[in-house]
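Notes follow the structure.
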Amino acid sequence: MGATVPPIAILGAGPSGLLLARILTLHFIPYTIFERDASPTSISQWGGTLDIHYDSGQVALAEAGLLDEFKRVARYDAQTTKIADRHANVVLDIGEVQGGKRPEIDRRDLRDLLLKSVPGEHIRWGSKVAKVEREDHGTMAVLLADRGKAVGGFKLVVGADGAWSKARNLVTPAKPVYAGNTFFTTSVSTSNPYHAAVASLVGPGMYLVCDSGHQIIAQGLADGSYQINISLPVTEGWMTSSTGAALIADPQALRDFLLQFYADWAPTATDLIRKSDGAFRPWPLYALPFETLDWKTVPGLTLVGDAAHLEMPDGEGVNRALTDGVSLARRIVAHYCAPDGEDHRDGDLDAAVREYEAEMLPRCRRDMEKNKTEVKLLWSPDAPKGFVEAVMGGHFAQE
């Protein structure tokens with residue numbers, strides 16, 4: 001007899017999928033994670049840092065029994081934020097926030113924390129998903145890109161596979177829309193002679209310079225290096241064009257190219273481009289349309305994280321993802337029936353999904369409306385002044 005197919009498939013070993021898996025593990029509910037990375041060590045060097053909020057992300061980690069471990073690796077001194085205009089005039093300077101409400105953690109460290117909490121045998125590494133489809137008898141099948149292999153018999157497939165989810169088309173035809181801007185991500189290493197100047201300017205947290213739809217962002221990482229993001233309004237296909245591909249392959253040429261668009265900015269800001277020393281990764285910004293979040297529940301399938309509600313970066317994405325994971329996990333645990341003798345029952349997983357989506361969809365619609373307002377201000381012609389006055393001032397006054 002072959003191995004029994006678990007009732008739940010999770011696509012993607014990102015924050016929402018792993019948080020869900022961790023809680024399922026605690027309640028002895030079987031599942032399989034399909035992850036395209038070849039191994040736990042093959043994660044990209046990119047990722048930056050994430051602030052985990054006390055009233056969302058930390059709540060999810062606490063329910064998963066991981067909050068104490070998170071606190072051991074979180075960087076509480078990295079809650080500092082400086083926002084400046086193109087002349088390097090600082091319009092907002094938030095020192096270390098007391099109380100640990102939004103400590104930072106490197107994306108890689110968060111993933112490692114979550115991975116270590118999930119039994120390795122539950123993860124199928126090197127499993128790039130090509131498609132999800134319904135089988136004739138109503139169960140779900142996951143089709144892999146590897147020579148058309150398929151794994152079927154799942155009662156529930158959870159799309160936790162990010163912006164370009166292979167499960168989303170079963171609940172909505174909507175696809176991510178390019179926002180017209182791309183970040184080019186590079187770094188300042190600890191061995192760079194410029195590192196001391198960056199550390200003095202940025203500190204352990206974040207330094208954001210913005211004006212008229214352009215941004216330069218520096219963030220401190222756990223190893224002491226800094227990640228630098230530089231925005232540029234290029235076309236959607238620019239990265240794969242002959243010009244774009246050639247520049248990305250030549251970091252110094254790309255630095256010189258980017259600097260042309262920031263020629264009238266203060267050297268304090270442009271030195272973050274000029275004196276960086278890493279290669280570049282293009283990060284085109286996409287978001288799902290607001291209308292996406294109105295789907296009807298589809299038996300045997302649901303979405304979490306960016307697969308459900310990809311938005312422009314606003315510092316909330318990972319917290320929404322972790323909240324999705326714990327929200328769905330609660331419903332599954334409530335409905336799941338453990339095996340009783342020879343009668344293997346999985347409970348009413350469709351009811352769990354209906355309850356989860358009844359909570360998640362309106363919550364994320366509210367978040368998407370807020371995101372649209374805040375992001376518009378951050379990229380507006382009067383940024384950063386209008387953003388600080390309308391959003392950041394009021395927000396931090398509440399903290």
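In the structure tokens, the first chain shown is A, the next is B, and so on; residue numbers restart at 1 for each chain, and ligands run from 1 in the order shown.
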Checklist entry - What's the 12 Å shell around Leu349 of chain A, counting only C-alpha atoms, without same-chain residues fewer than 4 positions away, as an MDAnalysis selection string? => result chainID A and resid 7:8 29 139 154:158 297:302 328:337 345 353:356
Selection file, N, CA and C atoms, as a short mmCIF file (atom, residue, chain, number, x, y, z; two decimals), in the first residue's frame:
```cif
data_model
loop_
_atom_site.label_atom_id
_atom_site.label_comp_id
_atom_site.auth_asym_id
_atom_site.auth_seq_id
_atom_site.Cartn_x
_atom_site.Cartn_y
_atom_site.Cartn_z
N PRO A 7 -4.50 15.31 3.97
CA PRO A 7 -5.66 16.05 3.45
C PRO A 7 -5.34 17.44 2.93
N ILE A 8 -4.21 18.02 3.36
CA ILE A 8 -3.93 19.43 3.05
C ILE A 8 -2.60 19.57 2.32
N ILE A 29 -2.21 17.54 12.67
CA ILE A 29 -2.99 17.52 11.43
C ILE A 29 -2.00 17.38 10.27
N THR A 139 -11.59 15.81 -5.36
CA THR A 139 -10.38 16.18 -4.63
C THR A 139 -9.50 17.06 -5.53
N PHE A 154 -5.89 15.59 -2.54
CA PHE A 154 -5.95 16.55 -1.43
C PHE A 154 -7.38 17.05 -1.22
N LYS A 155 -7.77 17.18 0.04
CA LYS A 155 -9.07 17.75 0.38
C LYS A 155 -9.04 19.28 0.36
N LEU A 156 -7.83 19.83 0.56
CA LEU A 156 -7.68 21.29 0.57
C LEU A 156 -6.29 21.66 0.07
N VAL A 157 -6.24 22.61 -0.87
CA VAL A 157 -4.98 23.20 -1.31
C VAL A 157 -4.96 24.66 -0.86
N VAL A 158 -3.90 25.03 -0.18
CA VAL A 158 -3.73 26.40 0.31
C VAL A 158 -2.65 27.07 -0.53
N THR A 297 -16.25 31.56 -2.08
CA THR A 297 -15.47 30.41 -1.61
C THR A 297 -15.54 29.26 -2.60
N VAL A 298 -14.39 28.71 -2.91
CA VAL A 298 -14.28 27.57 -3.83
C VAL A 298 -13.93 26.33 -3.01
N PRO A 299 -14.74 25.29 -3.06
CA PRO A 299 -14.43 24.08 -2.28
C PRO A 299 -13.05 23.54 -2.61
N GLY A 300 -12.32 23.19 -1.56
CA GLY A 300 -11.02 22.56 -1.74
C GLY A 300 -9.86 23.50 -1.97
N LEU A 301 -10.08 24.83 -1.87
CA LEU A 301 -9.00 25.75 -2.19
C LEU A 301 -9.16 27.06 -1.44
N THR A 302 -8.04 27.64 -1.02
CA THR A 302 -8.04 29.01 -0.50
C THR A 302 -6.66 29.61 -0.66
N LEU A 328 -6.47 31.03 9.29
CA LEU A 328 -6.89 29.78 8.63
C LEU A 328 -6.63 28.59 9.54
N ALA A 329 -5.48 28.58 10.21
CA ALA A 329 -5.16 27.46 11.10
C ALA A 329 -6.21 27.28 12.19
N ARG A 330 -6.67 28.38 12.77
CA ARG A 330 -7.68 28.29 13.82
C ARG A 330 -8.93 27.58 13.32
N ARG A 331 -9.35 27.93 12.11
CA ARG A 331 -10.58 27.32 11.57
C ARG A 331 -10.38 25.86 11.24
N ILE A 332 -9.21 25.52 10.69
CA ILE A 332 -8.95 24.11 10.38
C ILE A 332 -8.93 23.28 11.65
N VAL A 333 -8.24 23.78 12.66
CA VAL A 333 -8.16 23.05 13.94
C VAL A 333 -9.56 22.85 14.52
N ALA A 334 -10.40 23.87 14.41
CA ALA A 334 -11.75 23.78 14.98
C ALA A 334 -12.60 22.73 14.27
N HIS A 335 -12.38 22.52 12.98
CA HIS A 335 -13.22 21.62 12.20
C HIS A 335 -12.61 20.25 11.96
N TYR A 336 -11.32 20.14 12.17
CA TYR A 336 -10.65 18.89 11.82
C TYR A 336 -11.00 17.78 12.81
N CYS A 337 -11.25 16.59 12.29
CA CYS A 337 -11.52 15.42 13.13
C CYS A 337 -10.35 14.46 13.03
N ARG A 345 -11.21 10.53 9.05
CA ARG A 345 -12.08 11.67 8.71
C ARG A 345 -11.28 12.96 8.80
N VAL A 353 -12.65 26.87 5.53
CA VAL A 353 -12.27 27.88 4.53
C VAL A 353 -13.31 28.99 4.47
N ARG A 354 -14.58 28.63 4.50
CA ARG A 354 -15.62 29.66 4.46
C ARG A 354 -15.49 30.63 5.63
N GLU A 355 -15.24 30.10 6.81
CA GLU A 355 -15.10 30.95 7.99
C GLU A 355 -13.84 31.81 7.90
N TYR A 356 -12.75 31.22 7.42
CA TYR A 356 -11.51 31.99 7.26
C TYR A 356 -11.70 33.13 6.27
#
```
Within 10 Å of segment 47-63 of chain A, which residues of segment 283-355 of chain A show up? Give each one with its shortest atom-to-atom distance in Å (one decimal) and the two atoms involved, counting only C-alpha atoms, rows by chain then rising residue number, as CSV.
```
residue,atom,partner,partner_atom,distance
A:Gly315,CA,A:Asp51,CA,6.9
A:Glu316,CA,A:Asp51,CA,8.0
A:Gly317,CA,A:Leu50,CA,9.0
A:Val318,CA,A:Leu50,CA,7.3
A:Asn319,CA,A:Gly57,CA,4.5
A:Arg320,CA,A:Gly57,CA,7.4
A:Ala321,CA,A:Gly57,CA,8.2
A:Leu322,CA,A:Gly57,CA,5.6
A:Thr323,CA,A:Ala60,CA,5.9
A:Asp324,CA,A:Ala60,CA,8.9
A:Gly325,CA,A:Ala60,CA,7.8
A:Val326,CA,A:Ala60,CA,5.6
A:Ser327,CA,A:Ala60,CA,8.5
A:Arg330,CA,A:Glu63,CA,9.6
```
Selection to disk with C-alpha atoms, as a PDB file, in the first residue's frame:
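File produced: part09.pdb:
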```
ATOM      1  CA  GLY A 315       5.644  47.486   6.041  1.00  0.00           C
ATOM      2  CA  GLU A 316       2.501  45.466   6.705  1.00  0.00           C
ATOM      3  CA  GLY A 317       2.791  42.606   4.206  1.00  0.00           C
ATOM      4  CA  VAL A 318       4.446  39.973   6.385  1.00  0.00           C
ATOM      5  CA  ASN A 319       2.111  40.810   9.276  1.00  0.00           C
ATOM      6  CA  ARG A 320      -0.912  40.288   7.014  1.00  0.00           C
ATOM      7  CA  ALA A 321       0.594  37.000   5.848  1.00  0.00           C
ATOM      8  CA  LEU A 322       1.204  35.721   9.377  1.00  0.00           C
ATOM      9  CA  THR A 323      -2.303  36.807  10.386  1.00  0.00           C
ATOM     10  CA  ASP A 324      -3.737  34.880   7.425  1.00  0.00           C
ATOM     11  CA  GLY A 325      -1.804  31.781   8.450  1.00  0.00           C
ATOM     12  CA  VAL A 326      -3.048  31.809  12.030  1.00  0.00           C
ATOM     13  CA  SER A 327      -6.596  32.741  11.011  1.00  0.00           C
ATOM     14  CA  ARG A 330      -7.680  28.287  13.825  1.00  0.00           C
TER      15      ARG A 330
END
```
Checklist entry - Which residues, written as a ChimeraX atom specification, have at least one atom at most 10 Å from Ser39 of chain A, with only C-alpha atoms counted and residues fewer than 5 positions away on the same chain left out? => result /A:123-126
Just write the chosen residues, N, CA and C atoms, as a PDB file, in the first residue's frame.
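File produced: out38.pdb:
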```pdb
ATOM      1  N   ILE A 123       8.009  18.704   4.003  1.00  0.00           N
ATOM      2  CA  ILE A 123       8.313  19.648   2.931  1.00  0.00           C
ATOM      3  C   ILE A 123       8.928  18.915   1.745  1.00  0.00           C
ATOM      4  N   ARG A 124       8.357  19.132   0.569  1.00  0.00           N
ATOM      5  CA  ARG A 124       8.910  18.600  -0.669  1.00  0.00           C
ATOM      6  C   ARG A 124       9.681  19.720  -1.369  1.00  0.00           C
ATOM      7  N   TRP A 125      10.999  19.701  -1.175  1.00  0.00           N
ATOM      8  CA  TRP A 125      11.852  20.721  -1.769  1.00  0.00           C
ATOM      9  C   TRP A 125      12.001  20.472  -3.269  1.00  0.00           C
ATOM     10  N   GLY A 126      12.314  21.539  -4.009  1.00  0.00           N
ATOM     11  CA  GLY A 126      12.496  21.419  -5.448  1.00  0.00           C
ATOM     12  C   GLY A 126      11.222  21.070  -6.182  1.00  0.00           C
TER      13      GLY A 126
END
```
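Proximity to Leu208 of chain A was assessed for A:Ala84, A:Ala308, A:Ala145, A:Met140 counting only C-alpha atoms; the smallest distance is recorded for A:Ala84.
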Item to check | Residues of segment 4-244 of chain A in alpha helix (DSSP H), written as a PyMOL selection string | outcome: chain A and resi 15-26+57-63+67-73+107-116+195-202+242-244
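Omitting Ile217 of chain A and its sequence neighbours fewer than 2 positions away, and counting only C-alpha atoms, the residues within 9 Å are A:Met206, A:Tyr207, A:Leu208, A:Val209, A:Cys210, A:Gln215, A:Gln219, A:Gln227, A:Ile228, A:Asn229, A:Ile230, A:Ser231, A:Leu272.
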Just list the residues in segment 223-386 of chain A DSSP gives strand (DSSP E) on the backbone, as a PDB file with C-alpha atoms, in the first residue's frame.
```
ATOM      1  CA  TYR A 226      22.943  47.640   4.718  1.00  0.00           C
ATOM      2  CA  GLN A 227      20.450  46.886   1.989  1.00  0.00           C
ATOM      3  CA  ILE A 228      19.867  49.768  -0.433  1.00  0.00           C
ATOM      4  CA  ASN A 229      16.734  50.116  -2.588  1.00  0.00           C
ATOM      5  CA  ILE A 230      16.629  52.686  -5.397  1.00  0.00           C
ATOM      6  CA  SER A 231      13.385  53.258  -7.290  1.00  0.00           C
ATOM      7  CA  LEU A 232      13.099  53.983 -10.980  1.00  0.00           C
ATOM      8  CA  ARG A 281      18.452  42.685  -8.076  1.00  0.00           C
ATOM      9  CA  PRO A 282      15.477  44.309  -9.845  1.00  0.00           C
ATOM     10  CA  TRP A 283      12.271  44.277  -7.802  1.00  0.00           C
ATOM     11  CA  PRO A 284       9.331  45.415  -9.968  1.00  0.00           C
ATOM     12  CA  LEU A 285       6.381  46.563  -7.855  1.00  0.00           C
ATOM     13  CA  TYR A 286       3.047  44.848  -8.456  1.00  0.00           C
ATOM     14  CA  ALA A 287      -0.321  44.876  -6.712  1.00  0.00           C
ATOM     15  CA  LEU A 301      -8.999  25.755  -2.189  1.00  0.00           C
ATOM     16  CA  THR A 302      -8.042  29.008  -0.498  1.00  0.00           C
ATOM     17  CA  LEU A 303      -5.292  31.635  -0.554  1.00  0.00           C
TER      18      LEU A 303
END
```
